[in-house]
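K.L.:
Provided herewith is a single structure, encoded as structure tokens, for subsequent inquiry.
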Amino acid sequence: MRRRELGVLWGGSLLGAGAQAQAVQRRDVRFQSQGLHCAGWYYLPGDHHPGERRPAIAMAPDYGALKEMQLDRVATAFAAAGLAVLLFDYRCTGASEGEPRQSLLWWDQITDYRNALTWLGLQPEVDARRLGAWGTGYSGGHVLQLAAFDRRVQCVVAQTPMTHAWEAFYADLAPKALEQLSAVQAQARAMRMTTGEIEVLPIVSGGEGTGVFRQPEARNWYEQAALRAPRWVNRVTLETTEAFAQYEPAAAIARIAPTPLLMVVAKDDDITPVGLQLQAFAKAGEPKQLVELAGGHYAPFDAARQQEFLGPQVAWFAKHLPRRG
């Protein structure tokens with residue numbers, strides 16, 4: 001059966017036998033996105049044969065993270081299961097081009113996803129009719145928005161996705177706090193226009209700091225994951241946080257159907273609130289599947305639990321992006 005053919009390597013372990021995992025090919029690539037070069041890693045299954053065209057997925061990191069931050073083993077798992085994979089850094093981050101650095105504007109990042117799909121579809125090893133998208137956290141929201149409007153996406157997996165930024169980060173602020181925040185953002189806009197100066201703040205900080213994320217879980221994950229990502233910097237532009245308030249992939253989630261959607265939710269997630277994720281999923285059309293597992297937002301990156309989280313995801317791609325011939 002097609003599902004078994006693509007999914008053969010995840011029956012015992014997501015990476016299959018060690019020799020199979022080691023056989024996955026990875027090379028550095030760059031692709032154009034609105035005049036900028038985005039840097040990526042391109043993976044091919046070890047059993048790929050010349051002239052064969054495989055299904056492929058595009059994938060990218062969470063908020064302010066880089067491809068080196070625990071995503072290599074995720075991409076390798078998908079490639080070991082038979083998919084071609086493009087894992088990339090967004091513009092203005094990591095090894096990719098773009099200024100100002102650490103600008104994480106969601107509409108730019110979704111455009112980078114679109115151009116990653118275009119690049120994949122042009123590769124001789126890829127069947128452009130069988131493209132999928134994978135994301136986690138912030139990028140989990142991106143792939144929901146992407147799949148709602150880009151019909152090249154034939155299958156989508158959103159892991160712990162950000163679905164309603166306003167409700168998650170701003171709805172509980174007092175009117176006075178919102179007024180002060182608006183004033184700070186307006187001042188930053190004036191500075192950008194008159195002096196070119198870019199205001200930044202930390203991505204993660206302690207509980208009393210000014211970071212976007214102040215939860216200990218977030219700080220611990222970024223600091224540990226960054227040990228393998230020397231280009232990572234703990235800052236984001238203030239303009240990014242202003243744009244973030246407008247970010248609501250859930251508003252378009254009903255438009256994803258009939259593209260198959262898998263949402264993977266961590267039941268103890270307090271970074272992207274679980275209740276909001278479930279509200280979004282309820283509005284999605286069929287075919288869809290929800291997987292709920294114990295743990296916080298970063299539990300999927302625990303090596304000991306990789307198979308638990310990725311097993312259903314590999315199976316979903318196997319079912320809806322089947323390998324042919």
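To be explicit about the labels: the chains of the structure tokens are called A, B, and onward in the order shown, and within each one the residues are counted from 1, while ligands get numbers from 1 in the order they are shown.
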Find the residues near Pro124 in chain A: any atom within 12 Å, counting only C-alpha atoms, skip ones fewer than 5 places away on the same chain, and give them as a PyMOL selection string.
P.N.:
chain A and resi 44+48-56+84+119
K.L.:
Could you turn the residues from that selection into a file that holds C-alpha atoms, as an mmCIF file, in the first residue's frame?
P.N.:
data_model
loop_
_atom_site.group_PDB
_atom_site.id
_atom_site.type_symbol
_atom_site.label_atom_id
_atom_site.label_comp_id
_atom_site.auth_asym_id
_atom_site.auth_seq_id
_atom_site.Cartn_x
_atom_site.Cartn_y
_atom_site.Cartn_z
ATOM 1 C CA LEU A 44 16.700 13.785 0.245
ATOM 2 C CA HIS A 48 16.094 8.199 -3.684
ATOM 3 C CA HIS A 49 16.962 7.117 -7.248
ATOM 4 C CA PRO A 50 17.967 9.413 -10.137
ATOM 5 C CA GLY A 51 14.931 10.475 -12.131
ATOM 6 C CA GLU A 52 12.523 9.694 -9.286
ATOM 7 C CA ARG A 53 10.244 12.451 -8.041
ATOM 8 C CA ARG A 54 9.299 12.454 -4.358
ATOM 9 C CA PRO A 55 6.693 14.356 -2.343
ATOM 10 C CA ALA A 56 8.254 17.266 -0.479
ATOM 11 C CA ALA A 84 12.240 15.557 0.284
ATOM 12 C CA TRP A 119 11.911 26.366 -5.094
#
K.L.:
Can you pull out the residues contacting Ala116 in chain A? Cut-off 10 Å, using only C-alpha atoms, and skip same-chain residues under 5 positions away; I want them as JSON, numbers by chain.
P.N.:
{"A": [30, 31, 32, 33, 38, 40, 57, 58, 59, 60, 86, 87, 88, 90, 110, 111, 121, 133]}
K.L.:
For N, CA and C atoms, I'd like the residues from the last selection saved as a compact mmCIF listing (two decimals), in the first residue's frame.
P.N.:
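Listed below is the output, selection.txt:
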# COMPACT_ATOMS: atom_id res chain seq x y z
N ARG A 30 20.25 27.85 -1.19
CA ARG A 30 19.71 29.19 -1.04
C ARG A 30 18.62 29.37 -2.09
N PHE A 31 17.57 30.09 -1.72
CA PHE A 31 16.51 30.36 -2.69
C PHE A 31 16.10 31.82 -2.59
N GLN A 32 15.56 32.33 -3.69
CA GLN A 32 15.17 33.74 -3.76
C GLN A 32 13.80 33.97 -3.14
N SER A 33 13.71 35.02 -2.33
CA SER A 33 12.42 35.44 -1.79
C SER A 33 12.36 36.96 -1.82
N CYS A 38 17.27 33.34 0.95
CA CYS A 38 17.02 32.60 2.19
C CYS A 38 17.88 31.34 2.19
N GLY A 40 18.91 27.56 3.45
CA GLY A 40 18.20 26.37 3.91
C GLY A 40 19.05 25.13 3.83
N ILE A 57 8.17 18.62 1.51
CA ILE A 57 7.59 19.59 2.44
C ILE A 57 8.57 20.73 2.71
N ALA A 58 8.00 21.90 2.97
CA ALA A 58 8.76 23.05 3.44
C ALA A 58 8.52 23.20 4.93
N MET A 59 9.56 23.53 5.68
CA MET A 59 9.42 23.71 7.12
C MET A 59 10.38 24.80 7.60
N ALA A 60 9.97 25.47 8.69
CA ALA A 60 10.74 26.59 9.21
C ALA A 60 10.57 26.67 10.73
N LEU A 86 12.73 20.81 2.65
CA LEU A 86 13.47 22.07 2.68
C LEU A 86 13.21 22.73 4.03
N LEU A 87 14.24 22.80 4.86
CA LEU A 87 14.20 23.48 6.16
C LEU A 87 14.99 24.77 6.00
N PHE A 88 14.36 25.91 6.30
CA PHE A 88 15.03 27.18 5.98
C PHE A 88 14.92 28.20 7.11
N TYR A 90 14.15 32.12 7.86
CA TYR A 90 13.46 33.25 7.25
C TYR A 90 14.44 34.38 6.93
N ILE A 110 5.54 34.30 5.81
CA ILE A 110 4.64 33.47 5.01
C ILE A 110 5.03 33.56 3.53
N THR A 111 5.45 34.73 3.09
CA THR A 111 5.95 34.86 1.71
C THR A 111 7.18 34.00 1.51
N GLY A 121 9.32 22.94 -5.83
CA GLY A 121 8.63 22.45 -7.01
C GLY A 121 9.49 22.46 -8.26
N ALA A 133 3.39 21.33 3.91
CA ALA A 133 3.99 22.36 4.77
C ALA A 133 3.91 21.91 6.22
K.L.:
If you run DSSP on the backbone here, which positions in range 228-263 of chain A get strand (DSSP E)? Please write them as a PyMOL selection string.
P.N.:
chain A and resi 236-237+261-263
K.L.:
Write out the residues from the selection above, keeping C-alpha atoms, as a short mmCIF file (atom, residue, chain, number, x, y, z; two decimals), in the first residue's frame.
P.N.:
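Heads up, here's the output in part_29.cif:
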data_model
loop_
_atom_site.label_atom_id
_atom_site.label_comp_id
_atom_site.auth_asym_id
_atom_site.auth_seq_id
_atom_site.Cartn_x
_atom_site.Cartn_y
_atom_site.Cartn_z
CA VAL A 236 13.42 40.99 17.92
CA THR A 237 12.39 44.32 16.42
CA LEU A 261 -4.89 19.25 8.24
CA LEU A 262 -3.18 17.66 11.23
CA MET A 263 -2.87 19.75 14.40
#
K.L.:
Mind the document's chain letters and residue numbers, and return as a VMD selection string the residues of range 182-314 of chain A that DSSP labels helix (DSSP H, G or I).
P.N.:
chain A and resid 182 to 194 216 to 228 238 to 244 249 to 255 274 to 283 299 to 301 303 to 314
K.L.:
Hey, what's within 12 Å of Gly64 in chain A if we count only C-alpha atoms and toss same-chain stuff fewer than 4 positions away? As a VMD selection string, please?
P.N.:
chain A and resid 60 68 to 69 89 to 94 101 to 106 109 136 to 139 201 to 204 211 to 213 218 222 225 to 226 229 231 to 237 240 to 241
K.L.:
Give me, as a PyMOL selection string, all polymer residues having an atom no more than 8 Å from range 184-199 of chain A, counting only C-alpha atoms and skipping those fewer than 4 positions away in the same chain.
P.N.:
chain A and resi 100+180+237-239+242
K.L.:
Which residues are close to range 154-164 of chain A, i.e. within 7 Å by only C-alpha atoms, leaving aside same-chain residues fewer than 4 positions away? Reply as JSON, numbers by chain.
P.N.:
{"A": [130, 131, 132, 133, 134, 135, 136, 137, 138, 140, 141, 143, 144, 147, 168, 247, 248, 249, 250, 259, 260, 261, 262, 263, 264, 265, 266, 272, 276, 277, 280, 297, 313, 317, 320, 321]}
K.L.:
How would the residues just chosen look if you wrote them out with N, CA and C atoms as an mmCIF file, in the first residue's frame?
P.N.:
data_model
loop_
_atom_site.group_PDB
_atom_site.id
_atom_site.type_symbol
_atom_site.label_atom_id
_atom_site.label_comp_id
_atom_site.auth_asym_id
_atom_site.auth_seq_id
_atom_site.Cartn_x
_atom_site.Cartn_y
_atom_site.Cartn_z
ATOM 1 N N ARG A 130 2.791 17.293 -5.241
ATOM 2 C CA ARG A 130 2.671 16.691 -3.913
ATOM 3 C C ARG A 130 3.552 17.456 -2.927
ATOM 4 N N LEU A 131 3.144 18.685 -2.642
ATOM 5 C CA LEU A 131 3.880 19.545 -1.722
ATOM 6 C C LEU A 131 3.110 19.691 -0.425
ATOM 7 N N GLY A 132 3.833 19.699 0.681
ATOM 8 C CA GLY A 132 3.224 19.893 1.985
ATOM 9 C C GLY A 132 3.949 20.969 2.766
ATOM 10 N N ALA A 133 3.392 21.332 3.914
ATOM 11 C CA ALA A 133 3.994 22.359 4.771
ATOM 12 C C ALA A 133 3.907 21.912 6.216
ATOM 13 N N TRP A 134 4.964 22.190 6.961
ATOM 14 C CA TRP A 134 5.064 21.850 8.385
ATOM 15 C C TRP A 134 5.535 23.079 9.135
ATOM 16 N N GLY A 135 4.938 23.307 10.316
ATOM 17 C CA GLY A 135 5.389 24.409 11.147
ATOM 18 C C GLY A 135 5.128 24.127 12.610
ATOM 19 N N THR A 136 5.828 24.876 13.464
ATOM 20 C CA THR A 136 5.688 24.708 14.910
ATOM 21 C C THR A 136 5.607 26.075 15.576
ATOM 22 N N GLY A 137 4.676 26.257 16.512
ATOM 23 C CA GLY A 137 4.546 27.543 17.190
ATOM 24 C C GLY A 137 4.150 28.640 16.207
ATOM 25 N N TYR A 138 5.003 29.652 16.095
ATOM 26 C CA TYR A 138 4.758 30.760 15.166
ATOM 27 C C TYR A 138 4.646 30.237 13.740
ATOM 28 N N GLY A 140 3.871 27.276 12.972
ATOM 29 C CA GLY A 140 2.650 26.478 12.925
ATOM 30 C C GLY A 140 1.463 27.311 12.508
ATOM 31 N N GLY A 141 1.407 28.552 12.987
ATOM 32 C CA GLY A 141 0.380 29.481 12.525
ATOM 33 C C GLY A 141 0.577 29.852 11.062
ATOM 34 N N VAL A 143 1.798 28.089 8.611
ATOM 35 C CA VAL A 143 1.362 27.072 7.639
ATOM 36 C C VAL A 143 -0.161 26.962 7.581
ATOM 37 N N LEU A 144 -0.848 27.334 8.676
ATOM 38 C CA LEU A 144 -2.306 27.396 8.611
ATOM 39 C C LEU A 144 -2.745 28.489 7.638
ATOM 40 N N ALA A 147 -1.747 27.417 3.989
ATOM 41 C CA ALA A 147 -2.584 26.379 3.392
ATOM 42 C C ALA A 147 -3.986 26.880 3.074
ATOM 43 N N ALA A 168 -3.995 35.746 22.875
ATOM 44 C CA ALA A 168 -2.942 35.102 23.654
ATOM 45 C C ALA A 168 -2.060 36.099 24.392
ATOM 46 N N TYR A 247 -2.009 39.274 14.084
ATOM 47 C CA TYR A 247 -1.790 37.918 13.566
ATOM 48 C C TYR A 247 -2.869 36.967 14.073
ATOM 49 N N GLU A 248 -3.686 36.446 13.156
ATOM 50 C CA GLU A 248 -4.769 35.557 13.558
ATOM 51 C C GLU A 248 -5.026 34.508 12.481
ATOM 52 N N PRO A 249 -4.152 33.507 12.377
ATOM 53 C CA PRO A 249 -4.366 32.459 11.376
ATOM 54 C C PRO A 249 -5.697 31.739 11.534
ATOM 55 N N ALA A 250 -6.232 31.708 12.760
ATOM 56 C CA ALA A 250 -7.507 31.021 12.986
ATOM 57 C C ALA A 250 -8.636 31.622 12.158
ATOM 58 N N THR A 259 -7.827 20.650 1.880
ATOM 59 C CA THR A 259 -6.452 20.222 2.163
ATOM 60 C C THR A 259 -6.414 19.529 3.522
ATOM 61 N N PRO A 260 -5.840 18.344 3.631
ATOM 62 C CA PRO A 260 -5.804 17.618 4.904
ATOM 63 C C PRO A 260 -4.960 18.356 5.948
ATOM 64 N N LEU A 261 -5.525 18.518 7.144
ATOM 65 C CA LEU A 261 -4.890 19.251 8.238
ATOM 66 C C LEU A 261 -4.705 18.348 9.445
ATOM 67 N N LEU A 262 -3.476 18.285 9.946
ATOM 68 C CA LEU A 262 -3.179 17.657 11.230
ATOM 69 C C LEU A 262 -2.692 18.739 12.177
ATOM 70 N N MET A 263 -3.329 18.834 13.362
ATOM 71 C CA MET A 263 -2.873 19.748 14.402
ATOM 72 C C MET A 263 -2.414 18.931 15.601
ATOM 73 N N VAL A 264 -1.202 19.201 16.057
ATOM 74 C CA VAL A 264 -0.630 18.518 17.207
ATOM 75 C C VAL A 264 -0.561 19.512 18.354
ATOM 76 N N VAL A 265 -1.246 19.191 19.440
ATOM 77 C CA VAL A 265 -1.383 20.101 20.585
ATOM 78 C C VAL A 265 -0.715 19.494 21.808
ATOM 79 N N ALA A 266 0.067 20.310 22.511
ATOM 80 C CA ALA A 266 0.629 19.904 23.802
ATOM 81 C C ALA A 266 -0.316 20.403 24.894
ATOM 82 N N THR A 272 1.490 29.041 23.493
ATOM 83 C CA THR A 272 0.356 29.207 22.582
ATOM 84 C C THR A 272 -0.830 28.496 23.242
ATOM 85 N N LEU A 276 -7.164 28.140 22.790
ATOM 86 C CA LEU A 276 -7.266 28.859 21.524
ATOM 87 C C LEU A 276 -6.967 27.938 20.345
ATOM 88 N N GLN A 277 -6.006 27.040 20.523
ATOM 89 C CA GLN A 277 -5.712 26.078 19.456
ATOM 90 C C GLN A 277 -6.934 25.197 19.185
ATOM 91 N N ALA A 280 -9.634 26.989 17.285
ATOM 92 C CA ALA A 280 -9.307 27.082 15.861
ATOM 93 C C ALA A 280 -9.572 25.759 15.160
ATOM 94 N N HIS A 297 4.894 23.549 25.555
ATOM 95 C CA HIS A 297 5.083 23.994 24.173
ATOM 96 C C HIS A 297 6.302 23.354 23.514
ATOM 97 N N GLN A 313 2.666 12.561 12.765
ATOM 98 C CA GLN A 313 2.929 13.518 11.696
ATOM 99 C C GLN A 313 3.480 12.816 10.459
ATOM 100 N N PHE A 317 1.588 12.651 6.696
ATOM 101 C CA PHE A 317 2.199 12.917 5.398
ATOM 102 C C PHE A 317 2.192 11.662 4.524
ATOM 103 N N HIS A 320 -1.332 11.328 3.022
ATOM 104 C CA HIS A 320 -1.842 12.364 2.120
ATOM 105 C C HIS A 320 -0.826 12.860 1.088
ATOM 106 N N LEU A 321 0.435 12.482 1.241
ATOM 107 C CA LEU A 321 1.449 12.758 0.218
ATOM 108 C C LEU A 321 2.125 11.434 -0.142
#
K.L.:
Just give me the gap between CA of Ala284 in chain A and CA of Ala254 in chain A in Å, one decimal is fine.
P.N.:
4.4 Å
K.L.:
Looking at A:Ala80, A:Leu290, A:Leu122, A:Phe301, which one is nearest to Pro61 in chain A, with distances taken over only C-alpha atoms?
P.N.:
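Ranked by minimum distance to Pro61 in chain A, first place goes to A:Phe301.
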K.L.:
Of the candidates A:Gln246, A:Gln70, A:Glu97, A:Arg324, which shows the shortest atom-to-atom distance to Pro300 in chain A, using only C-alpha atoms?
P.N.:
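Among the listed residues, the smallest separation from Pro300 in chain A belongs to A:Gln70.
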K.L.:
What does the structure give for the distance between CA of Phe149 in chain A and CA of Ile256 in chain A, in Å to one decimal?
P.N.:
7.4 Å
